[in-house]
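*Asks:* Following this line is input_5.txt, made up of compact mmCIF, C-alpha atoms:
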# COMPACT_ATOMS: atom_id res chain seq x y z
CA MET J 2 -17.83 -25.78 83.70
CA SER J 3 -17.42 -22.12 82.89
CA VAL J 4 -13.69 -22.63 82.38
CA TRP J 5 -14.33 -25.45 79.88
CA ARG J 6 -16.92 -23.34 78.07
CA SER J 7 -14.48 -20.41 77.88
CA THR J 8 -11.72 -22.64 76.58
CA SER J 9 -14.07 -24.17 74.02
CA GLN J 10 -15.08 -20.75 72.79
CA CYS J 11 -11.45 -19.69 72.42
CA LEU J 12 -10.65 -22.82 70.42
CA SER J 13 -13.65 -22.20 68.17
CA ILE J 14 -12.53 -18.63 67.52
CA LEU J 15 -8.99 -19.80 66.69
CA ILE J 16 -10.28 -22.49 64.32
CA PHE J 17 -12.62 -20.11 62.50
CA SER J 18 -9.81 -17.52 62.28
CA ALA J 19 -7.46 -20.08 60.80
CA ILE J 20 -10.09 -21.13 58.26
CA ALA J 21 -10.65 -17.48 57.30
CA VAL J 22 -6.91 -16.87 56.85
CA CYS J 23 -6.57 -19.96 54.67
CA ALA J 24 -9.57 -18.90 52.59
CA VAL J 25 -8.01 -15.47 51.99
CA ALA J 26 -4.65 -17.01 51.15
CA GLN J 27 -6.21 -19.44 48.67
CA ALA J 28 -8.44 -16.83 46.98
CA PRO J 29 -7.25 -16.27 43.36
CA LYS J 30 -5.48 -12.99 42.73
CA ALA J 31 -7.43 -10.63 40.50
CA GLU J 32 -6.01 -10.57 36.96
CA PHE J 33 -4.17 -7.37 36.11
CA THR J 34 -6.18 -4.98 33.95
CA PRO J 35 -4.34 -1.93 32.57
CA GLU J 36 -5.90 1.52 32.75
CA VAL J 37 -5.57 4.10 30.00
CA GLY J 38 -3.26 6.84 31.25
CA GLN J 39 -1.46 4.71 33.81
CA SER J 40 2.13 5.82 34.31
CA GLY J 41 5.08 3.94 32.86
CA LYS J 42 8.84 4.32 32.79
CA ASP J 43 8.93 6.83 29.91
CA VAL J 44 5.30 7.47 28.88
CA VAL J 45 1.78 6.85 30.14
CA TRP J 46 -0.01 3.90 28.58
CA VAL J 47 -2.49 4.64 25.81
CA PRO J 48 -3.33 1.76 23.47
CA SER J 49 -3.03 2.25 19.73
CA PRO J 50 -6.39 1.89 17.95
CA GLN J 51 -6.48 -1.49 16.24
CA GLU J 52 -7.26 0.20 12.92
CA LEU J 53 -4.04 2.17 13.17
CA VAL J 54 -2.04 -0.92 14.18
CA ASP J 55 -3.30 -2.62 11.03
CA LYS J 56 -2.40 0.41 8.90
CA MET J 57 1.10 0.68 10.37
CA LEU J 58 1.82 -2.97 9.58
CA ASP J 59 0.34 -2.48 6.10
CA MET J 60 2.68 0.47 5.50
CA ALA J 61 5.65 -1.61 6.64
CA ARG J 62 4.46 -4.45 4.38
CA VAL J 63 4.88 -6.99 7.15
CA THR J 64 4.99 -10.62 5.97
CA SER J 65 6.02 -13.98 7.36
CA LYS J 66 9.63 -13.14 6.42
CA ASP J 67 9.81 -10.26 8.91
CA TYR J 68 11.02 -9.90 12.47
CA VAL J 69 9.03 -7.12 14.11
CA ILE J 70 10.15 -5.41 17.33
CA ASP J 71 7.62 -3.21 19.12
CA LEU J 72 9.22 -0.71 21.52
CA GLY J 73 7.02 -0.19 24.54
CA SER J 74 4.64 -3.00 23.64
CA GLY J 75 1.94 -2.38 26.27
CA ASP J 76 -0.82 -4.97 26.09
CA GLY J 77 0.87 -6.66 23.12
CA ARG J 78 -1.65 -5.86 20.40
CA THR J 79 0.91 -4.76 17.78
CA VAL J 80 3.10 -7.81 18.36
CA ILE J 81 0.10 -10.14 18.29
CA THR J 82 -1.25 -8.58 15.08
CA ALA J 83 2.17 -8.95 13.41
CA ALA J 84 2.31 -12.59 14.53
CA GLN J 85 -1.15 -13.18 13.09
CA ARG J 86 0.33 -12.10 9.75
CA GLY J 87 2.94 -14.81 10.10
CA ALA J 88 5.86 -12.63 11.26
CA ARG J 89 8.04 -13.37 14.24
CA ALA J 90 7.50 -10.50 16.65
CA LEU J 91 8.99 -9.30 19.93
CA GLY J 92 7.53 -6.81 22.38
CA ILE J 93 9.88 -4.91 24.68
CA GLU J 94 8.05 -3.58 27.73
CA PHE J 95 9.32 -2.24 31.07
CA ASN J 96 6.20 -3.07 33.13
CA PRO J 97 6.27 -6.75 34.21
CA GLU J 98 2.48 -6.86 34.65
CA MET J 99 2.02 -5.68 31.07
CA VAL J 100 4.48 -8.33 29.89
CA ALA J 101 2.48 -11.03 31.69
CA LEU J 102 -0.77 -9.67 30.25
CA SER J 103 0.71 -9.65 26.74
CA LYS J 104 1.76 -13.28 27.06
CA ARG J 105 -1.79 -14.22 28.13
CA ASN J 106 -3.23 -12.25 25.22
CA ALA J 107 -0.87 -13.97 22.79
CA ALA J 108 -1.87 -17.37 24.15
CA LYS J 109 -5.57 -16.51 23.76
CA ALA J 110 -4.89 -15.44 20.17
CA GLY J 111 -3.01 -18.68 19.49
CA VAL J 112 0.25 -17.00 18.44
CA SER J 113 2.56 -17.72 21.39
CA ASP J 114 4.89 -19.56 19.01
CA LYS J 115 5.54 -16.35 17.05
CA ALA J 116 4.85 -13.57 19.57
CA SER J 117 7.23 -13.13 22.49
CA PHE J 118 7.61 -10.45 25.14
CA VAL J 119 10.46 -9.38 27.41
CA GLU J 120 10.69 -7.07 30.39
CA ALA J 121 13.46 -4.67 29.39
CA ASP J 122 14.51 -1.07 28.77
CA ILE J 123 14.02 -0.13 25.10
CA PHE J 124 17.13 2.07 25.20
CA ARG J 125 19.32 -0.85 26.31
CA SER J 126 17.90 -3.50 24.00
CA ASP J 127 19.46 -5.05 20.91
CA LEU J 128 17.41 -4.04 17.86
CA SER J 129 19.88 -5.24 15.24
CA GLN J 130 17.87 -8.28 14.09
CA ALA J 131 14.67 -6.33 13.39
CA THR J 132 13.38 -5.85 9.87
CA VAL J 133 10.51 -3.71 11.21
CA ILE J 134 10.42 -1.41 14.26
CA THR J 135 7.09 -0.14 15.61
CA LEU J 136 6.68 2.79 18.00
CA PHE J 137 4.08 4.71 19.95
CA LEU J 138 6.30 6.99 21.99
CA LEU J 139 6.87 10.72 22.33
CA THR J 140 8.93 12.71 19.80
CA GLU J 141 11.76 13.23 22.30
CA LEU J 142 11.97 9.48 22.87
CA ASN J 143 11.96 8.83 19.12
CA LEU J 144 14.85 11.28 18.80
CA LYS J 145 16.72 9.48 21.55
CA LEU J 146 16.26 6.21 19.66
CA ARG J 147 17.03 7.71 16.24
CA PRO J 148 20.84 7.29 16.30
CA THR J 149 20.40 3.59 17.06
CA ILE J 150 17.72 3.16 14.42
CA LEU J 151 19.92 4.77 11.76
CA THR J 152 22.60 2.12 12.39
CA LEU J 153 20.19 -0.71 11.57
CA LYS J 154 20.40 -2.61 8.31
CA PRO J 155 19.45 -0.45 5.32
CA GLY J 156 15.87 -1.18 4.35
CA THR J 157 14.65 -1.67 7.92
CA ARG J 158 11.16 -0.18 8.12
CA VAL J 159 10.15 2.02 11.04
CA VAL J 160 6.51 2.91 11.71
CA SER J 161 5.27 5.28 14.39
CA ASN J 162 1.86 6.18 15.76
CA THR J 163 1.44 9.99 15.80
CA PHE J 164 4.97 11.04 16.82
CA ARG J 165 7.75 11.87 14.34
CA MET J 166 11.56 11.74 14.19
CA GLY J 167 12.41 15.44 14.24
CA ASP J 168 13.98 16.61 10.96
CA TRP J 169 14.12 13.06 9.55
CA ARG J 170 11.13 13.37 7.26
CA PRO J 171 8.91 10.30 6.88
CA ASP J 172 8.87 8.40 3.60
CA GLN J 173 5.11 7.97 3.90
CA THR J 174 2.33 9.49 6.01
CA VAL J 175 -1.20 8.12 6.36
CA GLU J 176 -4.10 9.90 8.11
CA LEU J 177 -7.04 7.71 9.13
CA GLY J 178 -9.35 10.65 9.78
CA CYS J 179 -10.43 9.79 13.33
CA ASN J 180 -10.17 11.99 16.43
CA THR J 181 -6.92 11.11 18.24
CA TYR J 182 -3.83 9.04 17.51
CA CYS J 183 -4.86 8.56 13.89
CA THR J 184 -1.63 9.29 11.99
CA ALA J 185 0.94 6.70 10.96
CA TYR J 186 4.45 7.55 9.75
CA LEU J 187 6.87 5.29 7.86
CA TRP J 188 10.64 5.66 7.56
CA ILE J 189 13.00 3.35 5.70
CA VAL J 190 16.52 3.22 7.11
CA PRO J 191 18.87 4.47 4.35
CA ALA J 192 22.30 3.11 3.52
CA ARG J 193 25.14 5.49 4.30
CA VAL J 194 26.64 6.90 1.12
CA GLU J 195 28.18 10.24 2.05
CA GLY J 196 31.72 10.71 0.76
CA ARG J 197 33.73 10.28 -2.44
CA TRP J 198 33.13 7.46 -4.92
CA GLN J 199 35.10 6.57 -8.04
CA THR J 200 33.19 5.71 -11.22
CA ALA J 201 34.03 5.20 -14.90
CA GLN J 202 32.17 8.46 -15.51
CA GLY J 203 34.30 10.39 -12.99
CA GLU J 204 34.42 11.20 -9.30
CA LEU J 205 31.09 11.11 -7.50
CA THR J 206 30.92 13.23 -4.34
CA LEU J 207 27.83 12.66 -2.22
CA LYS J 208 26.34 14.55 0.69
CA GLN J 209 23.57 12.89 2.66
CA GLU J 210 20.81 14.06 4.97
CA PHE J 211 18.90 10.93 5.96
CA GLN J 212 17.25 9.71 2.70
CA LYS J 213 18.06 12.86 0.72
CA VAL J 214 21.25 12.94 -1.35
CA SER J 215 23.05 15.82 -3.08
CA GLY J 216 26.54 16.41 -4.47
CA THR J 217 28.41 16.45 -7.78
CA LEU J 218 29.63 14.11 -10.50
CA LYS J 219 32.94 15.37 -11.87
CA TYR J 220 33.91 14.77 -15.51
CA GLY J 221 37.47 16.04 -15.96
CA ASN J 222 37.21 19.74 -15.10
CA VAL J 223 33.39 19.79 -15.22
CA ALA J 224 31.37 19.11 -12.08
CA ALA J 225 27.72 18.35 -12.78
CA PRO J 226 25.42 18.93 -9.81
CA ILE J 227 23.24 16.08 -8.61
CA SER J 228 19.46 16.54 -8.47
CA LYS J 229 16.58 14.36 -7.31
CA GLY J 230 18.97 12.41 -5.12
CA ASN J 231 17.17 9.86 -2.94
CA MET J 232 17.85 6.78 -0.84
CA ARG J 233 15.26 4.08 -0.20
CA GLY J 234 16.99 1.53 1.96
CA ASP J 235 19.98 0.34 -0.06
CA GLN J 236 18.59 1.75 -3.33
CA ILE J 237 20.03 5.05 -4.60
CA SER J 238 18.77 7.24 -7.43
CA PHE J 239 19.83 10.64 -8.76
CA VAL J 240 20.17 12.70 -11.92
CA ALA J 241 23.48 14.20 -13.13
CA ALA J 242 24.27 15.85 -16.49
CA GLY J 243 20.89 14.79 -17.83
CA ALA J 244 21.46 11.11 -17.06
CA GLU J 245 19.40 9.11 -14.56
CA TYR J 246 21.41 6.90 -12.23
CA ARG J 247 20.00 4.01 -10.20
CA GLY J 248 21.92 1.54 -8.13
CA ARG J 249 22.13 -0.72 -5.12
CA VAL J 250 24.54 0.06 -2.29
CA ASN J 251 26.48 -2.88 -0.94
CA GLY J 252 29.08 -1.68 1.57
CA ASP J 253 31.76 0.17 -0.39
CA THR J 254 30.23 -0.57 -3.79
CA ILE J 255 27.31 0.81 -5.77
CA GLU J 256 26.15 -1.08 -8.88
CA GLY J 257 23.24 -0.31 -11.17
CA THR J 258 22.24 1.30 -14.44
CA VAL J 259 22.48 4.77 -15.95
CA ASN J 260 19.87 5.91 -18.49
CA SER J 261 20.74 8.64 -20.97
CA ALA J 262 19.24 9.56 -24.33
CA GLY J 263 17.06 6.46 -24.30
CA LYS J 264 19.97 4.10 -23.70
CA SER J 265 20.71 2.11 -20.53
CA VAL J 266 24.15 0.90 -19.52
CA GLY J 267 25.67 -0.46 -16.35
CA TRP J 268 27.60 1.67 -13.90
CA LYS J 269 29.63 1.00 -10.80
CA ALA J 270 31.12 3.16 -8.04
CA THR J 271 33.59 2.26 -5.31
CA HIS J 272 34.11 4.09 -2.04
Go ahead and render the structure in this file as structure tokens.
*Replies:*
Amino acid sequence: MSVWRSTSQCLSILIFSAIAVCAVAQAPKAEFTPEVGQSGKDVVWVPSPQELVDKMLDMARVTSKDYVIDLGSGDGRTVITAAQRGARALGIEFNPEMVALSKRNAAKAGVSDKASFVEADIFRSDLSQATVITLFLLTELNLKLRPTILTLKPGTRVVSNTFRMGDWRPDQTVELGCNTYCTAYLWIVPARVEGRWQTAQGELTLKQEFQKVSGTLKYGNVAAPISKGNMRGDQISFVAAGAEYRGRVNGDTIEGTVNSAGKSVGWKATH
């Protein structure tokens, strides 16, 4: 009798243990919740204030015609906000748990058709299709990305939370007036125009430092210095010999108008 009782007790223990194991196995896994300051591949995670996200997208003039790429997209708020404005948007994020969280957040916001997320390294990703790039990285990381950004299509808008691009001065700066992470910077990728151009007015020699342009316009033996030279995407403007030149850069051609003494005529330069 005691043997049967002992055996019965052992069986009961095994059954209850099996039930407990199954219960643990079937228990739902707790949903990932990010923590401010958690470490990442290149930076710790700190979310951008929603007010600043809105301002950055305002500065970039994001519309339904844009393709926005957010580098280091975290919980997906910038991508989701861009998608809510009708843009197609992609978040590139190294942390797979953050990618999964972003996809859930996009689904909750009803924008999964426009907002997508990939687990990838921002320094090895193709950015060539973007019309807008958004960043919340450190200055040294922005500088590492800068050579790639400068090869993007002229007119591509780049907006950054707090951190700049070294000696590439922003085209616009907005301060929100809060305590931390309250500054937004905008850059517009300029067309490359440095070199010699031939025009009906003479030889145009341009030097370029990001969006700033200098140089000379040579008329015969006279070289008039260029002032107020500026690039805004593919749009160039400068003053030479008292005349104001404006034009659009298209590869090896610049076409536009020159205003002098109240008169406006067309002008063209070839590289």
*Asks:* Give the padded box for range 216-222 of chain J as AutoDock Vina command-line options: axis-aligned, covering all atoms listed in the file, 5 Å on each side, centre and edge lengths in Å to one decimal.
*Replies:*
--center_x 32.0 --center_y 16.9 --center_z -10.2 --size_x 20.9 --size_y 15.6 --size_z 21.5
*Asks:* Can you work out which one of J:Arg170, J:Lys115, J:Arg125, J:Arg86 has the shortest atom-to-atom distance to Leu72 in chain J, counting all atoms listed in the file?
*Replies:* J:Arg125
*Asks:* If we count all atoms listed in the file and set the cut-off at 10 Å, which residues sit around range 183-187 of chain J, ignoring sequence neighbours fewer than 4 positions away in its own chain? Please answer as number ranges by chain.
*Replies:* J: 49-50, 52-54, 56-58, 60-61, 134-137, 158-166, 170-179
*Asks:* Go ahead and write the selection's residues with C-alpha atoms as a tab-separated table (two decimals), in the frame of the given file.
*Replies:*
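Result written to again.tsv:
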chain	number	residue	atom	x	y	z
J	49	SER	CA	-3.03	2.25	19.73
J	50	PRO	CA	-6.39	1.89	17.95
J	52	GLU	CA	-7.26	0.20	12.92
J	53	LEU	CA	-4.04	2.17	13.17
J	54	VAL	CA	-2.04	-0.92	14.18
J	56	LYS	CA	-2.40	0.41	8.90
J	57	MET	CA	1.10	0.68	10.37
J	58	LEU	CA	1.82	-2.97	9.58
J	60	MET	CA	2.68	0.47	5.50
J	61	ALA	CA	5.65	-1.61	6.64
J	134	ILE	CA	10.42	-1.41	14.26
J	135	THR	CA	7.09	-0.14	15.61
J	136	LEU	CA	6.68	2.79	18.00
J	137	PHE	CA	4.08	4.71	19.95
J	158	ARG	CA	11.16	-0.18	8.12
J	159	VAL	CA	10.15	2.02	11.04
J	160	VAL	CA	6.51	2.91	11.71
J	161	SER	CA	5.27	5.28	14.39
J	162	ASN	CA	1.86	6.18	15.76
J	163	THR	CA	1.44	9.99	15.80
J	164	PHE	CA	4.97	11.04	16.82
J	165	ARG	CA	7.75	11.87	14.34
J	166	MET	CA	11.56	11.74	14.19
J	170	ARG	CA	11.13	13.37	7.26
J	171	PRO	CA	8.91	10.30	6.88
J	172	ASP	CA	8.87	8.40	3.60
J	173	GLN	CA	5.11	7.97	3.90
J	174	THR	CA	2.33	9.49	6.01
J	175	VAL	CA	-1.20	8.12	6.36
J	176	GLU	CA	-4.10	9.90	8.11
J	177	LEU	CA	-7.04	7.71	9.13
J	178	GLY	CA	-9.35	10.65	9.78
J	179	CYS	CA	-10.43	9.79	13.33
*Asks:* Can you work out which one of J:Val250, J:Val119, J:Val112, J:Asn143 has the shortest atom-to-atom distance to Glu98 in chain J, counting all atoms listed in the file?
*Replies:*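 So, comparing all the options, the nearest one is J:Val119.
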*Asks:* Enter the distance from CA of Lys213 in chain J to CA of Tyr246 in chain J, in Å, rounded to one decimal.
*Replies:*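 Atom-to-atom, CA of Lys213 in chain J and CA of Tyr246 in chain J are spaced 14.6 Å apart.
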*Asks:* For a quick check of understanding, using only C-alpha atoms, which of J:Ala225, J:Ala116, J:Ala192, J:Ile70 has the smallest distance to Ile93 in chain J?
*Replies:*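 For Ile93 in chain J, the nearest of the given residues is J:Ile70.
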*Asks:* Leaving out range 257-262 of chain J and any residue of its chain fewer than 5 positions from it, which residues lie within 6 Å of it when counting all atoms listed in the file, given as an NGL selection string?
*Replies:* :J and (244-248 or 267-268)
*Asks:* Would you work out the distance separating CA of Arg197 in chain J from CA of Lys145 in chain J, expressed in Å to one decimal?
*Replies:*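 Between CA of Arg197 in chain J and CA of Lys145 in chain J the gap is 29.4 Å.
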*Asks:* Need to verify the contact set: Gly73 in chain J, 10 Å, all atoms listed in the file, exclusion of same-chain residues closer than 3 positions in sequence. Can you return it as a compact mmCIF listing (two decimals) with C-alpha atoms, in the frame of the given file?
*Replies:*
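As written to disk, selection-v6.txt reads:
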# COMPACT_ATOMS: atom_id res chain seq x y z
CA GLY J 41 5.08 3.94 32.86
CA LYS J 42 8.84 4.32 32.79
CA ASP J 43 8.93 6.83 29.91
CA VAL J 44 5.30 7.47 28.88
CA TRP J 46 -0.01 3.90 28.58
CA ILE J 70 10.15 -5.41 17.33
CA ASP J 76 -0.82 -4.97 26.09
CA GLY J 77 0.87 -6.66 23.12
CA GLY J 92 7.53 -6.81 22.38
CA ILE J 93 9.88 -4.91 24.68
CA GLU J 94 8.05 -3.58 27.73
CA PHE J 95 9.32 -2.24 31.07
CA ASN J 96 6.20 -3.07 33.13
CA MET J 99 2.02 -5.68 31.07
CA GLU J 120 10.69 -7.07 30.39
CA ALA J 121 13.46 -4.67 29.39
CA ASP J 122 14.51 -1.07 28.77
CA ILE J 123 14.02 -0.13 25.10
CA THR J 135 7.09 -0.14 15.61
CA LEU J 136 6.68 2.79 18.00
CA PHE J 137 4.08 4.71 19.95
CA LEU J 138 6.30 6.99 21.99
*Asks:* Identify which of the residues J:Glu256, J:Asp235, J:Asp55, J:Asp127 lies closest to Thr200 in chain J, counting only C-alpha atoms when measuring atom-to-atom distances.
*Replies:*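 The answer is J:Glu256, which sits nearest to Thr200 in chain J.
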*Asks:* Between J:Leu144, J:Ala88, J:Val80, J:Ile150, which one has atoms that come closest to Phe118 in chain J, using all atoms listed in the file?
*Replies:* J:Val80
*Asks:* Looking at J:Ala270, J:Val47, J:Ile237, J:Val214, which one is nearest to Trp198 in chain J, with distances taken over only C-alpha atoms?
*Replies:*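 Under the stated criterion, the closest residue is J:Ala270.
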*Asks:* Select, counting all atoms listed in the file, all protein, DNA and RNA residues no farther than 7 Å from (20.9, 14.1, -6.4) in file coordinates, and express the selection as a list in words.
*Replies:*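 These residues have at least one counted atom within 7 Å: Val214, Ser215, Gly216, Ile227, Ser228, Lys229, Gly230, Asn231, Phe239 and Val240 of chain J.
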*Asks:* For CA of Leu142 in chain J and CA of Gly167 in chain J, determine how far apart the two atoms are, in Å to one decimal place.
*Replies:*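 Those two atoms sit 10.5 Å apart.
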*Asks:* Name the residues in contact with Leu153 in chain J at a cut-off of 8 Å, using only C-alpha atoms, excluding same-chain residues fewer than 6 positions from it; report them as a list in words.
*Replies:*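 Everything that qualifies: Leu128, Ser129 and Val190 of chain J.
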*Asks:* Please produce a file of the residues just selected, as a compact mmCIF listing (two decimals), in the frame of the given file, where the atoms kept are C-alpha atoms.
*Replies:*
# COMPACT_ATOMS: atom_id res chain seq x y z
CA LEU J 128 17.41 -4.04 17.86
CA SER J 129 19.88 -5.24 15.24
CA VAL J 190 16.52 3.22 7.11
